[in-house]
file final.cif (mmCIF, C-alpha atoms and all ligand atoms)
data_query
loop_
_atom_site.label_atom_id
_atom_site.label_comp_id
_atom_site.auth_asym_id
_atom_site.auth_seq_id
_atom_site.Cartn_x
_atom_site.Cartn_y
_atom_site.Cartn_z
CA MET T 1 0.00 0.00 0.00
CA THR T 2 1.30 3.42 -0.91
CA HIS T 3 1.32 6.14 1.70
CA ARG T 4 1.14 9.77 0.69
CA TRP T 5 3.06 12.51 2.48
CA LEU T 6 2.27 16.18 1.96
CA VAL T 7 5.51 18.15 1.91
CA THR T 8 4.97 21.89 2.23
CA GLY T 9 7.82 24.05 1.00
CA GLY T 10 9.05 21.07 -1.02
CA LEU T 11 10.67 23.30 -3.65
CA GLY T 12 12.99 24.94 -1.12
CA PHE T 13 16.46 23.89 -0.05
CA ILE T 14 15.85 21.32 2.70
CA GLY T 15 12.33 20.44 1.51
CA SER T 16 13.51 19.51 -1.98
CA ALA T 17 16.35 17.40 -0.56
CA PHE T 18 13.71 15.58 1.51
CA VAL T 19 11.49 15.03 -1.55
CA ARG T 20 14.37 13.72 -3.69
CA ASN T 21 15.53 11.50 -0.85
CA VAL T 22 12.08 10.05 -0.06
CA LEU T 23 11.24 9.26 -3.70
CA ARG T 24 14.66 7.67 -4.18
CA GLU T 25 14.77 5.60 -0.99
CA ARG T 26 11.13 4.85 -0.08
CA PRO T 27 9.29 3.11 -2.93
CA ALA T 28 6.04 2.86 -0.93
CA ILE T 29 5.77 6.62 -0.35
CA ALA T 30 4.13 9.09 -2.73
CA VAL T 31 4.65 12.82 -2.25
CA THR T 32 2.50 15.88 -2.79
CA VAL T 33 4.41 19.15 -2.69
CA LEU T 34 2.61 22.36 -1.73
CA ASP T 35 4.82 25.37 -2.43
CA ALA T 36 4.05 29.06 -2.88
CA MET T 37 7.05 29.50 -5.20
CA THR T 38 8.17 32.70 -3.55
CA TYR T 39 11.77 33.70 -4.18
CA ALA T 40 13.49 30.55 -2.86
CA GLY T 41 11.00 27.92 -4.09
CA ASN T 42 12.48 26.66 -7.32
CA PRO T 43 11.06 23.85 -9.53
CA ALA T 44 14.61 23.14 -10.75
CA ASN T 45 15.30 21.74 -7.26
CA VAL T 46 13.07 18.71 -7.92
CA GLU T 47 13.73 18.34 -11.65
CA GLU T 48 15.20 14.85 -11.23
CA VAL T 49 12.01 13.47 -9.61
CA ALA T 50 9.26 15.62 -11.17
CA GLY T 51 8.50 12.92 -13.76
CA ASP T 52 7.97 10.23 -11.10
CA PRO T 53 4.30 9.10 -11.05
CA ARG T 54 4.43 9.27 -7.23
CA TYR T 55 5.11 13.04 -7.40
CA ARG T 56 2.30 15.60 -7.41
CA PHE T 57 2.62 19.39 -7.22
CA VAL T 58 0.19 22.03 -6.00
CA ARG T 59 1.14 25.70 -6.06
CA GLY T 60 -0.11 27.55 -3.01
CA ASP T 61 0.54 29.21 0.31
CA ILE T 62 0.28 27.33 3.64
CA ALA T 63 -1.49 30.35 5.13
CA ASP T 64 -4.29 29.82 2.57
CA ALA T 65 -6.70 27.19 3.92
CA ALA T 66 -8.19 26.49 0.47
CA ALA T 67 -4.75 25.74 -1.00
CA VAL T 68 -3.99 23.43 1.93
CA GLU T 69 -7.32 21.60 1.38
CA GLU T 70 -6.53 21.16 -2.31
CA ALA T 71 -3.11 19.74 -1.49
CA ILE T 72 -4.54 17.30 1.05
CA GLY T 73 -7.13 16.16 -1.52
CA ASP T 74 -8.61 12.78 -0.53
CA GLY T 75 -6.27 12.61 2.45
CA VAL T 76 -2.62 12.16 3.34
CA ASP T 77 -0.79 10.01 5.88
CA ALA T 78 1.46 12.81 7.08
CA ILE T 79 2.25 16.48 6.62
CA VAL T 80 5.85 17.64 6.85
CA ASN T 81 6.09 21.41 7.08
CA PHE T 82 9.19 22.89 5.48
CA ALA T 83 7.38 25.99 4.21
CA ALA T 84 8.93 28.99 5.92
CA GLU T 85 10.64 32.29 5.57
CA THR T 86 14.09 31.32 6.80
CA HIS T 87 16.67 34.06 6.43
CA VAL T 88 17.60 36.08 9.53
CA ASP T 89 18.90 39.06 7.54
CA ARG T 90 15.67 39.30 5.52
CA SER T 91 13.65 39.08 8.75
CA ILE T 92 15.53 42.11 10.07
CA LEU T 93 14.67 44.10 6.92
CA ASP T 94 11.07 42.88 6.69
CA PRO T 95 9.52 40.79 9.50
CA GLU T 96 5.92 40.66 8.26
CA ALA T 97 6.21 37.77 5.80
CA PHE T 98 7.81 35.72 8.59
CA ILE T 99 4.80 36.12 10.86
CA ARG T 100 2.43 35.26 8.04
CA THR T 101 4.15 32.07 6.90
CA ASP T 102 5.92 30.79 10.00
CA VAL T 103 3.14 31.60 12.49
CA MET T 104 -0.14 31.88 10.55
CA GLY T 105 0.82 29.23 8.01
CA THR T 106 1.65 26.77 10.78
CA HIS T 107 -1.71 27.53 12.40
CA VAL T 108 -3.60 26.84 9.15
CA LEU T 109 -1.80 23.52 8.72
CA LEU T 110 -2.52 22.49 12.32
CA GLU T 111 -6.21 23.25 11.82
CA ALA T 112 -6.23 21.08 8.69
CA VAL T 113 -4.51 18.25 10.58
CA ARG T 114 -7.09 18.47 13.35
CA ARG T 115 -10.10 18.73 11.04
CA ARG T 116 -9.02 15.97 8.67
CA GLY T 117 -7.65 13.64 11.35
CA ILE T 118 -4.25 13.40 9.64
CA PRO T 119 -2.20 10.83 11.57
CA ARG T 120 1.10 12.75 11.70
CA PHE T 121 2.36 16.31 11.49
CA LEU T 122 6.04 17.16 11.57
CA GLN T 123 7.17 20.75 12.02
CA VAL T 124 10.64 21.46 10.66
CA SER T 125 12.18 23.99 13.02
CA THR T 126 15.59 25.37 13.87
CA ASP T 127 18.21 25.64 16.61
CA GLU T 128 17.76 29.42 16.40
CA VAL T 129 14.69 29.20 18.66
CA TYR T 130 17.03 28.46 21.61
CA GLY T 131 18.85 31.72 20.98
CA HIS T 132 22.52 32.33 21.68
CA VAL T 133 24.23 29.62 23.78
CA ALA T 134 27.45 30.78 25.43
CA GLU T 135 28.63 27.26 26.31
CA GLY T 136 27.46 23.68 26.18
CA ALA T 137 24.74 22.59 23.78
CA SER T 138 20.96 23.14 23.67
CA ARG T 139 18.72 20.28 24.69
CA GLU T 140 15.07 19.89 23.75
CA ARG T 141 13.79 20.83 27.20
CA ASP T 142 15.83 24.02 27.42
CA PRO T 143 13.83 27.25 27.44
CA ILE T 144 13.49 28.92 24.08
CA ARG T 145 14.86 32.46 23.79
CA PRO T 146 14.54 33.58 20.18
CA ARG T 147 16.32 36.85 19.42
CA SER T 148 15.63 37.68 15.77
CA PRO T 149 12.24 38.19 14.06
CA TYR T 150 12.91 34.96 12.15
CA ALA T 151 13.71 32.93 15.27
CA ALA T 152 10.71 34.42 17.10
CA SER T 153 8.38 33.47 14.22
CA LYS T 154 9.66 29.90 14.20
CA ALA T 155 9.34 29.75 17.98
CA GLY T 156 5.74 30.97 17.66
CA GLY T 157 5.05 28.13 15.23
CA ASP T 158 6.71 25.57 17.54
CA LEU T 159 4.65 26.71 20.53
CA GLN T 160 1.41 26.35 18.58
CA VAL T 161 2.41 22.87 17.47
CA LEU T 162 3.10 21.77 21.04
CA ALA T 163 -0.08 23.43 22.31
CA TYR T 164 -2.16 21.49 19.75
CA HIS T 165 -0.70 18.29 21.12
CA THR T 166 -1.53 19.26 24.69
CA THR T 167 -4.98 20.67 23.91
CA TYR T 168 -6.33 18.44 21.14
CA GLY T 169 -3.99 15.45 21.22
CA THR T 170 -2.83 16.32 17.69
CA PRO T 171 -0.07 13.85 16.69
CA VAL T 172 2.76 16.31 16.18
CA LEU T 173 6.55 16.13 16.07
CA ILE T 174 9.14 18.89 15.89
CA THR T 175 12.68 18.68 14.58
CA ARG T 176 15.15 21.48 15.28
CA GLY T 177 18.01 21.38 12.81
CA SER T 178 21.33 23.15 13.01
CA ASN T 179 22.77 25.27 10.19
CA THR T 180 22.37 23.26 7.02
CA TYR T 181 24.54 23.27 3.89
CA GLY T 182 24.74 21.40 0.60
CA PRO T 183 23.54 21.56 -3.01
CA TYR T 184 20.56 23.75 -4.06
CA GLN T 185 20.85 26.21 -1.16
CA TYR T 186 19.68 29.67 -2.16
CA PRO T 187 22.75 31.93 -2.36
CA GLU T 188 21.66 34.38 0.36
CA LYS T 189 23.03 32.10 3.12
CA LEU T 190 26.67 32.08 4.21
CA ILE T 191 28.11 29.08 2.35
CA PRO T 192 26.42 29.39 -1.08
CA LEU T 193 26.79 33.21 -1.05
CA PHE T 194 30.49 32.98 -0.31
CA VAL T 195 31.20 30.12 -2.74
CA THR T 196 29.45 31.81 -5.66
CA ASN T 197 31.02 35.20 -4.92
CA LEU T 198 34.46 33.60 -4.74
CA ILE T 199 33.93 31.69 -7.99
CA ASP T 200 33.24 35.08 -9.58
CA GLY T 201 36.28 36.70 -7.96
CA GLU T 202 34.05 38.97 -5.85
CA GLN T 203 34.58 39.82 -2.21
CA VAL T 204 32.76 38.07 0.64
CA PRO T 205 31.16 40.10 3.47
CA VAL T 206 32.14 38.65 6.87
CA TYR T 207 29.98 40.11 9.61
CA GLY T 208 31.98 41.65 12.46
CA ASP T 209 35.01 39.65 13.61
CA GLY T 210 33.76 36.41 12.00
CA LEU T 211 34.25 34.48 15.23
CA GLN T 212 30.57 33.55 15.55
CA VAL T 213 30.05 29.79 15.83
CA ARG T 214 27.54 27.62 13.99
CA ASP T 215 27.04 23.84 14.06
CA TRP T 216 26.90 22.53 10.47
CA LEU T 217 24.75 19.68 9.15
CA HIS T 218 24.70 18.33 5.59
CA VAL T 219 21.31 18.67 3.92
CA ASP T 220 21.10 14.92 3.10
CA ASP T 221 21.69 14.07 6.77
CA HIS T 222 19.09 16.65 7.75
CA ALA T 223 16.53 15.21 5.28
CA ARG T 224 17.16 11.67 6.52
CA GLY T 225 16.83 12.81 10.11
CA ILE T 226 13.43 14.34 9.43
CA ALA T 227 12.17 11.17 7.70
CA HIS T 228 13.51 9.11 10.59
CA VAL T 229 11.76 11.23 13.23
CA LEU T 230 8.55 11.17 11.17
CA GLU T 231 8.58 7.37 11.16
CA HIS T 232 9.95 6.65 14.63
CA GLY T 233 9.44 9.74 16.80
CA VAL T 234 7.09 9.89 19.77
CA PRO T 235 4.15 12.30 19.20
CA GLY T 236 4.42 15.51 21.19
CA GLU T 237 8.22 15.34 21.28
CA VAL T 238 10.95 17.63 19.96
CA TYR T 239 14.14 16.21 18.38
CA ASN T 240 17.32 18.20 17.83
CA LEU T 241 19.17 17.38 14.61
CA GLY T 242 22.68 18.73 15.03
CA GLY T 243 25.62 18.00 12.78
CA GLY T 244 28.21 18.19 15.56
CA ASN T 245 30.47 20.31 13.34
CA SER T 246 31.08 23.55 15.23
CA ARG T 247 33.04 26.09 13.19
CA THR T 248 33.57 29.83 13.30
CA ASN T 249 32.48 31.75 10.24
CA LEU T 250 36.12 32.61 9.62
CA GLU T 251 37.08 28.93 9.60
CA ILE T 252 34.38 28.31 6.99
CA THR T 253 35.54 31.33 5.01
CA ARG T 254 39.19 30.23 5.02
CA ARG T 255 38.26 26.74 3.81
CA LEU T 256 36.13 28.19 1.02
CA LEU T 257 39.02 30.44 -0.01
CA GLU T 258 41.23 27.34 -0.32
CA LEU T 259 38.58 25.42 -2.25
CA THR T 260 38.18 28.26 -4.76
CA GLY T 261 41.83 29.29 -4.92
CA ARG T 262 41.27 32.84 -3.61
CA SER T 263 43.27 34.80 -1.03
CA TYR T 264 42.10 36.33 2.25
CA GLU T 265 43.70 39.68 1.43
CA THR T 266 41.89 40.26 -1.83
CA SER T 267 38.61 38.45 -1.14
CA VAL T 268 37.55 39.03 2.46
CA ARG T 269 35.79 42.22 3.59
CA HIS T 270 34.85 42.56 7.27
CA VAL T 271 31.59 44.50 7.33
CA ALA T 272 29.22 45.87 9.97
CA ASP T 273 27.82 43.09 12.13
CA ARG T 274 24.21 41.83 11.96
CA GLU T 275 21.95 43.52 14.54
CA GLY T 276 21.42 41.26 17.58
CA HIS T 277 23.74 38.68 16.03
CA ASP T 278 23.66 35.38 17.94
CA ARG T 279 27.26 34.58 18.78
CA ARG T 280 26.98 30.81 19.03
CA TYR T 281 24.55 27.96 18.41
CA ALA T 282 25.19 24.36 19.44
CA LEU T 283 22.79 21.43 19.60
CA ASP T 284 22.81 18.31 21.70
CA ALA T 285 21.38 15.72 19.31
CA SER T 286 21.62 12.71 21.61
CA LYS T 287 17.83 12.24 21.69
CA ALA T 288 17.61 11.84 17.88
CA ARG T 289 20.70 9.62 17.97
CA ALA T 290 19.06 7.40 20.58
CA LEU T 291 16.14 7.09 18.16
CA GLY T 292 18.56 5.67 15.57
CA TRP T 293 19.62 8.68 13.46
CA THR T 294 23.28 9.47 12.83
CA PRO T 295 24.62 12.09 10.43
CA ALA T 296 26.87 10.37 7.90
CA VAL T 297 28.55 13.09 5.82
CA PRO T 298 31.95 14.20 7.21
CA PHE T 299 32.05 18.00 7.19
CA GLU T 300 35.28 18.42 5.23
CA THR T 301 34.05 16.12 2.46
CA GLY T 302 30.59 17.65 2.43
CA LEU T 303 31.95 21.18 2.19
CA ALA T 304 34.36 20.30 -0.64
CA GLU T 305 31.58 18.51 -2.54
CA THR T 306 29.27 21.46 -2.03
CA ALA T 307 31.84 23.89 -3.43
CA ALA T 308 32.35 21.54 -6.39
CA TRP T 309 28.58 21.35 -6.92
CA TYR T 310 28.30 25.15 -7.19
CA ARG T 311 31.24 25.16 -9.59
CA SER T 312 29.59 22.60 -11.87
CA ARG T 313 26.04 23.94 -11.57
CA GLU T 314 26.39 27.56 -12.61
CA ALA T 315 23.28 27.05 -14.74
CA TRP T 316 21.34 26.64 -11.46
CA TRP T 317 22.59 29.70 -9.55
CA ARG T 318 23.49 32.29 -12.20
CA PRO T 319 19.86 33.02 -13.12
CA ILE T 320 19.07 33.39 -9.40
CA LYS T 321 21.94 35.78 -8.70
CA SER T 322 21.21 37.94 -11.72
CA GLY T 323 17.49 38.43 -10.99
CA ASP T 324 15.74 40.05 -8.00
CA PHE T 325 18.71 38.89 -5.95
CA ARG T 326 20.71 41.90 -7.22
CA SER T 327 18.40 44.42 -5.56
CA TYR T 328 18.26 42.31 -2.38
CA TYR T 329 22.07 42.25 -2.28
CA GLN T 330 22.24 46.02 -2.67
CA ARG T 331 19.68 46.53 0.07
CA GLN T 332 21.40 44.10 2.43
CA TYR T 333 25.04 44.98 1.88
CA ALA T 334 25.45 48.41 0.28
CA HIS T 335 25.29 50.29 3.60
CA ARG T 336 27.53 47.91 5.51
P1 LIG T 401 23.30 32.35 7.70
O1 LIG T 401 23.74 31.46 6.62
O2 LIG T 401 22.49 33.56 7.35
O3 LIG T 401 22.55 31.46 8.78
P2 LIG T 401 22.05 31.80 10.29
O4 LIG T 401 22.00 33.28 10.45
O5 LIG T 401 20.71 31.20 10.26
O6 LIG T 401 23.01 31.13 11.21
O7 LIG T 401 24.58 32.88 8.50
C1 LIG T 401 25.49 31.98 9.08
C2 LIG T 401 26.54 32.80 9.79
O8 LIG T 401 27.29 33.53 8.81
C3 LIG T 401 25.95 33.83 10.73
O9 LIG T 401 26.77 33.92 11.89
C4 LIG T 401 26.01 35.12 9.95
C5 LIG T 401 27.22 34.93 9.07
N1 LIG T 401 27.17 35.63 7.75
C6 LIG T 401 28.18 36.52 7.39
O10 LIG T 401 29.16 36.74 8.13
N2 LIG T 401 28.09 37.16 6.18
C7 LIG T 401 27.03 36.96 5.35
O11 LIG T 401 26.98 37.60 4.26
C8 LIG T 401 26.00 36.02 5.72
C9 LIG T 401 24.85 35.76 4.82
C10 LIG T 401 26.13 35.38 6.94
#

call {"tool": "encode", "arguments": {"input": "final.cif", "output": "structure tokens", "more": "lines below"}}
Ligand code: TYD
result
Amino acid sequence: MTHRWLVTGGLGFIGSAFVRNVLRERPAIAVTVLDAMTYAGNPANVEEVAGDPRYRFVRGDIADAAAVEEAIGDGVDAIVNFAAETHVDRSILDPEAFIRTDVMGTHVLLEAVRRRGIPRFLQVSTDEVYGHVAEGASRERDPIRPRSPYAASKAGGDLQVLAYHTTYGTPVLITRGSNTYGPYQYPEKLIPLFVTNLIDGEQVPVYGDGLQVRDWLHVDDHARGIAHVLEHGVPGEVYNLGGGNSRTNLEITRRLLELTGRSYETSVRHVADREGHDRRYALDASKARALGWTPAVPFETGLAETAAWYRSREAWWRPIKSGDFRSYYQRQYAHR
């Protein structure tokens, strides 16, 4: 018997990796993607599976109940919510879209799950909800202290999800992933922005001293972790998915300089720091590991392969960087 999963935001970076991974590795699962195709939702991200008879696409917004109904159709066995505004810097420029998608959109999905009696709902969340952690690593029961409009919107979504479980017994799960990297990431985020700038011989804008720390997770490991939690997680529970690869932004930058053959002196520009910049994130992922998930991609290999992917797939990112991205880049970086 085939099961059908509704994947919202399935044309985005992590969502599309999940869709490609599920259709490749789980023959008994069919997938419906609901995606609003805003700036980061790109049909090219699922090109290799779009012809699969188990793949169905609906264009629409998760905050639009009618679109969600259409995507659910005769019913689905699970909803996995990747649909989100995700970029901290954009949330500082323009928070409204974050509230609409990450808070209202999550609410609309939860209502659909409740009304239709859908047996599983997984909310894809982020380590950013824990806020800055000076030392140690965040565990699922730690208080959440979001500090950017983006993190606060995701935290608002998470709290609704948990409240639905408490109030209505809705069968929910939450995963909180650490910083994710790999192929098909929209070039506004650190790694793809820096790799593509360096390929073009342009400078890379390091915020402040560059000694901020992030914990990096390969997108394939993240996608597998989400599928694993969906199938084996305990309803009502949160699972951290951390890569265990803590690096400063400068360490990442130096490695990318090596991989692209550029020098620090000519390519790195230290610019004004992000407002309210979280200095460090770190996740304790022992709960997900106890459930049977382990990240498999070594960071050095994953980073080198990612740089090579961007080198060989200019046809994917050049159209993105030459379009609306130009005006975004001006708005974000010109004054720094
Ligand atoms: P980002 O990829 O935006 O992810 P997040 O803010 O969700 O962690 O940024 C990762 C780190 O890189 C973060 O500390 C901010 C920093 N950064 C820069 O120094 N310069 C940049 O141009 C960008 C986009 C990020």

call {"tool": "residues_near_ligand", "arguments": {"input": "final.cif", "ligand": "ligand LIG 401 (chain T)", "cutoff": "10 Å", "atoms": "only C-alpha atoms and all ligand atoms", "output": "ChimeraX atom specification"}}
result
/T:86-90,126-128,148,150-151,178-181,185-194,204-216,247-250,252-253,269-274,277-281,329,332-333

call {"tool": "residues_around", "arguments": {"input": "final.cif", "residues": "range 304-308 of chain T", "least_positions_apart": "4", "cutoff": "7 Å", "atoms": "all atoms listed in the file", "output": "PyMOL selection string"}}
result
chain T and resi 182-183+195+259+300+312

call {"tool": "atom_distance", "arguments": {"input": "final.cif", "atom1": "CA of Arg120 in chain T", "atom2": "CA of Pro171 in chain T"}}
result
5.2 Å

call {"tool": "atom_distance", "arguments": {"input": "final.cif", "atom1": "CA of His165 in chain T", "atom2": "CA of Glu111 in chain T"}}
result
11.9 Å

call {"tool": "atom_distance", "arguments": {"input": "final.cif", "atom1": "CA of Ile226 in chain T", "atom2": "CA of Trp316 in chain T"}}
result
25.5 Å

call {"tool": "closest_residue", "arguments": {"input": "final.cif", "among": "T:Ala152, T:Ala17, T:Val80, T:Leu23", "to": "Arg54 in chain T", "atoms": "only C-alpha atoms"}}
result
T:Leu23

call {"tool": "closest_residue", "arguments": {"input": "final.cif", "among": "T:Ser327, T:Thr166, T:Asn45, T:Ser322", "to": "Thr196 in chain T", "atoms": "all atoms listed in the file"}}
result
T:Ser322

call {"tool": "closest_residue", "arguments": {"input": "final.cif", "among": "T:Pro319, T:Gly244, T:Gly117, T:Pro295", "to": "Tyr168 in chain T", "atoms": "only C-alpha atoms"}}
result
T:Gly117

call {"tool": "closest_residue", "arguments": {"input": "final.cif", "among": "T:Gly157, T:Gly136, T:Gly242, T:Pro43", "to": "Arg176 in chain T", "atoms": "all atoms listed in the file"}}
result
T:Gly242

call {"tool": "closest_residue", "arguments": {"input": "final.cif", "among": "T:Pro149, T:Gly243, T:Gly10, T:Gly236", "to": "Pro95 in chain T", "atoms": "all atoms listed in the file"}}
result
T:Pro149

call {"tool": "residues_near_point", "arguments": {"input": "final.cif", "point": "(3.5, 31.1, 6.6)", "cutoff": "6 Å", "atoms": "only C-alpha atoms", "output": "PyMOL selection string"}}
result
chain T and resi 62-63+84+100-105

call {"tool": "closest_residue", "arguments": {"input": "final.cif", "among": "T:Arg326, T:Arg262, T:His218, T:Arg255", "to": "Pro298 in chain T", "atoms": "all atoms listed in the file"}}
result
T:His218
